[in-house]
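K.L.:
Contents of entry-v3.pdb (PDB, C-alpha atoms, pLDDT in the B column):
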ATOM      1  CA  PRO A   1       0.000   0.000   0.000  1.00 59.00           C
ATOM      2  CA  ASP A   2       1.010   3.541  -0.744  1.00 81.00           C
ATOM      3  CA  GLY A   3       1.855   5.251   2.553  1.00 89.00           C
ATOM      4  CA  ARG A   4       1.517   8.743   1.097  1.00 93.00           C
ATOM      5  CA  LEU A   5      -1.939   7.912  -0.238  1.00 91.00           C
ATOM      6  CA  ALA A   6      -2.995   6.536   3.164  1.00 92.00           C
ATOM      7  CA  THR A   7      -1.796   9.782   4.777  1.00 94.00           C
ATOM      8  CA  ARG A   8      -3.750  11.881   2.248  1.00 94.00           C
ATOM      9  CA  ILE A   9      -6.866   9.795   2.884  1.00 94.00           C
ATOM     10  CA  ASP A  10      -6.470  10.151   6.677  1.00 95.00           C
ATOM     11  CA  THR A  11      -5.936  13.908   6.291  1.00 96.00           C
ATOM     12  CA  SER A  12      -9.027  14.208   4.083  1.00 97.00           C
ATOM     13  CA  TYR A  13     -11.144  12.215   6.563  1.00 96.00           C
ATOM     14  CA  ALA A  14      -9.943  14.463   9.393  1.00 97.00           C
ATOM     15  CA  ALA A  15     -10.692  17.637   7.410  1.00 97.00           C
ATOM     16  CA  ARG A  16     -14.174  16.379   6.528  1.00 97.00           C
ATOM     17  CA  ASP A  17     -14.946  15.381  10.123  1.00 97.00           C
ATOM     18  CA  ALA A  18     -13.641  18.701  11.475  1.00 97.00           C
ATOM     19  CA  CYS A  19     -15.894  20.546   9.025  1.00 97.00           C
ATOM     20  CA  LEU A  20     -18.909  18.453  10.033  1.00 96.00           C
ATOM     21  CA  ALA A  21     -18.266  19.012  13.745  1.00 95.00           C
ATOM     22  CA  ARG A  22     -17.697  22.757  13.266  1.00 94.00           C
ATOM     23  CA  ASN A  23     -20.876  23.216  11.222  1.00 93.00           C
ATOM     24  CA  ALA A  24     -23.003  21.020  13.498  1.00 91.00           C
ATOM     25  CA  ALA A  25     -22.057  23.184  16.477  1.00 88.00           C
ATOM     26  CA  ALA A  26     -22.279  26.528  14.655  1.00 81.00           C
ATOM     27  CA  ASP A  27     -25.999  27.091  14.267  1.00 65.00           C
ATOM     28  CA  ASP A  28     -28.917  27.345  16.629  1.00 64.00           C
ATOM     29  CA  ILE A  29     -29.755  23.697  16.297  1.00 59.00           C
ATOM     30  CA  SER A  30     -32.173  23.214  19.152  1.00 65.00           C
ATOM     31  CA  SER A  31     -35.411  23.655  17.205  1.00 69.00           C
ATOM     32  CA  SER A  32     -34.755  22.022  13.845  1.00 79.00           C
ATOM     33  CA  ASP A  33     -35.195  18.445  12.686  1.00 88.00           C
ATOM     34  CA  PRO A  34     -31.846  16.663  13.163  1.00 89.00           C
ATOM     35  CA  ALA A  35     -32.034  14.929   9.753  1.00 91.00           C
ATOM     36  CA  ILE A  36     -32.603  18.253   7.970  1.00 91.00           C
ATOM     37  CA  LEU A  37     -29.722  19.815   9.908  1.00 90.00           C
ATOM     38  CA  ALA A  38     -27.488  16.841   9.080  1.00 93.00           C
ATOM     39  CA  ARG A  39     -28.178  17.334   5.364  1.00 94.00           C
ATOM     40  CA  ALA A  40     -27.371  21.043   5.664  1.00 93.00           C
ATOM     41  CA  VAL A  41     -24.168  20.308   7.585  1.00 94.00           C
ATOM     42  CA  ALA A  42     -23.109  17.678   5.027  1.00 96.00           C
ATOM     43  CA  LEU A  43     -23.873  20.131   2.216  1.00 96.00           C
ATOM     44  CA  ALA A  44     -21.760  22.823   3.893  1.00 96.00           C
ATOM     45  CA  CYS A  45     -18.868  20.338   3.872  1.00 97.00           C
ATOM     46  CA  THR A  46     -19.229  19.271   0.224  1.00 97.00           C
ATOM     47  CA  PRO A  47     -15.710  20.495  -0.708  1.00 98.00           C
ATOM     48  CA  GLU A  48     -14.140  18.400   2.071  1.00 97.00           C
ATOM     49  CA  THR A  49     -16.293  15.386   1.200  1.00 97.00           C
ATOM     50  CA  GLU A  50     -15.443  15.627  -2.498  1.00 97.00           C
ATOM     51  CA  LYS A  51     -11.726  15.878  -1.663  1.00 97.00           C
ATOM     52  CA  LEU A  52     -12.124  12.688   0.380  1.00 96.00           C
ATOM     53  CA  VAL A  53     -13.911  11.017  -2.567  1.00 97.00           C
ATOM     54  CA  GLU A  54     -11.125  12.148  -4.888  1.00 96.00           C
ATOM     55  CA  VAL A  55      -8.225  10.775  -2.815  1.00 95.00           C
ATOM     56  CA  SER A  56      -9.871   7.558  -1.612  1.00 94.00           C
ATOM     57  CA  ASN A  57     -11.773   6.549  -4.756  1.00 92.00           C
ATOM     58  CA  ARG A  58      -9.120   6.771  -7.443  1.00 90.00           C
ATOM     59  CA  ASP A  59     -10.972   4.302  -9.687  1.00 93.00           C
ATOM     60  CA  GLY A  60     -13.944   6.662  -9.891  1.00 93.00           C
ATOM     61  CA  ASP A  61     -16.399   4.007  -8.695  1.00 96.00           C
ATOM     62  CA  PRO A  62     -19.794   5.748  -8.365  1.00 96.00           C
ATOM     63  CA  LYS A  63     -20.904   3.300  -5.637  1.00 97.00           C
ATOM     64  CA  ALA A  64     -17.850   4.098  -3.526  1.00 95.00           C
ATOM     65  CA  ALA A  65     -18.303   7.837  -4.071  1.00 96.00           C
ATOM     66  CA  ASN A  66     -21.966   7.585  -3.081  1.00 97.00           C
ATOM     67  CA  ALA A  67     -21.069   5.566   0.034  1.00 97.00           C
ATOM     68  CA  ILE A  68     -18.622   8.281   1.147  1.00 97.00           C
ATOM     69  CA  ARG A  69     -21.266  10.987   0.606  1.00 97.00           C
ATOM     70  CA  LYS A  70     -23.842   8.976   2.581  1.00 97.00           C
ATOM     71  CA  ASP A  71     -21.257   8.473   5.337  1.00 97.00           C
ATOM     72  CA  SER A  72     -20.768  12.249   5.504  1.00 97.00           C
ATOM     73  CA  GLU A  73     -24.493  12.752   6.079  1.00 96.00           C
ATOM     74  CA  PHE A  74     -24.597   9.938   8.650  1.00 96.00           C
ATOM     75  CA  ARG A  75     -21.615  11.382  10.520  1.00 97.00           C
ATOM     76  CA  ALA A  76     -23.140  14.867  10.296  1.00 96.00           C
ATOM     77  CA  LEU A  77     -26.238  13.539  12.086  1.00 95.00           C
ATOM     78  CA  GLY A  78     -24.018  12.191  14.859  1.00 95.00           C
ATOM     79  CA  TYR A  79     -22.325  15.576  15.251  1.00 94.00           C
ATOM     80  CA  VAL A  80     -25.708  17.352  15.313  1.00 92.00           C
ATOM     81  CA  LEU A  81     -26.997  15.022  18.034  1.00 91.00           C
ATOM     82  CA  LYS A  82     -23.742  15.384  19.974  1.00 91.00           C
ATOM     83  CA  ALA A  83     -23.952  19.191  19.744  1.00 88.00           C
ATOM     84  CA  ARG A  84     -27.468  18.950  21.196  1.00 83.00           C
ATOM     85  CA  GLY A  85     -26.220  16.780  24.027  1.00 84.00           C
ATOM     86  CA  GLN A  86     -28.271  13.822  22.826  1.00 78.00           C
ATOM     87  CA  VAL A  87     -25.264  11.547  22.329  1.00 68.00           C
ATOM     88  CA  THR A  88     -22.829  10.735  25.107  1.00 57.00           C
ATOM     89  CA  ASN A  89     -19.935   9.116  23.202  1.00 53.00           C
TER      90      ASN A  89
END
Just give me the structure of the file as structure tokens.
P.N.:
Amino acid sequence: PDGRLATRIDTSYAARDACLARNAAADDISSSDPAILARAVALACTPETEKLVEVSNRDGDPKAANAIRKDSEFRALGYVLKARGQVTN
């Protein structure tokens, strides 16, 4: 395995997750539907998510790209719930 590629993938994951966490905590999130907020948070982090797709899906597999985008929305929901104090981990 290519160590530099693994580092770029790890860096891209970290950048995406930091963006999700930052955006989930940024807004007044107490009154909105968590799923709607998660979509908005994921959308705000599209550049980071697409960079992650680019470095980790070098074959251009649409299924893999879609899985990464879905993961971003799923993780965004976790950050939204955590920011609301609804998740303890």
K.L.:
Pull the closest atom pair for each residue of region 2-52 of chain A that gets at most 8 Å from region 75-83 of chain A, along with the distance in Å to one decimal, counting all atoms listed in the file, ordering rows by chain and then ascending residue number, as a Markdown table.
P.N.:
| residue | atom | partner | partner_atom | distance |
| --- | --- | --- | --- | --- |
| A:Asp17 | CA | A:Arg75 | CA | 7.8 |
| A:Leu20 | CA | A:Ala76 | CA | 5.6 |
| A:Ala21 | CA | A:Tyr79 | CA | 5.5 |
| A:Ala24 | CA | A:Val80 | CA | 4.9 |
| A:Ala25 | CA | A:Ala83 | CA | 5.5 |
| A:Ile29 | CA | A:Val80 | CA | 7.6 |
| A:Pro34 | CA | A:Leu77 | CA | 6.5 |
| A:Ala35 | CA | A:Leu77 | CA | 6.4 |
| A:Leu37 | CA | A:Val80 | CA | 7.2 |
| A:Ala38 | CA | A:Leu77 | CA | 4.6 |
| A:Arg39 | CA | A:Ala76 | CA | 7.5 |
| A:Val41 | CA | A:Ala76 | CA | 6.2 |
| A:Ala42 | CA | A:Ala76 | CA | 6.0 |
K.L.:
Please list as JSON, numbers by chain every residue within 10 Å of Glu50 (chain A), counting all atoms listed in the file and excluding residues in the same chain fewer than 5 positions away.
P.N.:
{"A": [12, 16, 45, 55, 56, 65, 68, 69]}
K.L.:
Counting only C-alpha atoms, figure out which residue out of A:Arg84, A:Arg4, A:Lys70, A:Arg22 gets nearest to Val53 (chain A).
P.N.:
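Of A:Arg84, A:Arg4, A:Lys70, A:Arg22, the one nearest Val53 (chain A) is A:Lys70, counting only C-alpha atoms.
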K.L.:
How many Å lie between CA of Phe74 (chain A) and CA of Thr49 (chain A), rounded to one decimal?
P.N.:
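Spanning CA of Phe74 (chain A) to CA of Thr49 (chain A) is a straight-line distance of 12.4 Å.
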K.L.:
Just to confirm, what's the straight-line distance from CA of Glu73 (chain A) to CA of Asp61 (chain A) in Å (one decimal)?
P.N.:
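Spanning CA of Glu73 (chain A) to CA of Asp61 (chain A) is a straight-line distance of 19.0 Å.
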K.L.:
Rounded to one decimal in Å, what is the spacing between CA of Asp71 (chain A) and CA of Ala14 (chain A)?
P.N.:
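These two atoms are separated by 13.4 Å.
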K.L.:
Can you work out which one of A:Ala15, A:Asn23, A:Asp33, A:Arg8 has the shortest atom-to-atom distance to Glu54 (chain A), counting only C-alpha atoms?
P.N.:
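Closest residue, counting only C-alpha atoms: A:Arg8.
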K.L.:
I'd like the neighbourhood of Ala6 (chain A) as a list in words, where a residue qualifies if any of its atoms comes within 12 Å (using all atoms listed in the file), though same-chain residues fewer than 4 positions away should be ignored.
P.N.:
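Near neighbours after the sequence-gap exclusion: Pro1, Asp2, Asp10, Thr11, Ser12, Tyr13, Leu52, Val55, Ser56 and Asn57 of chain A.
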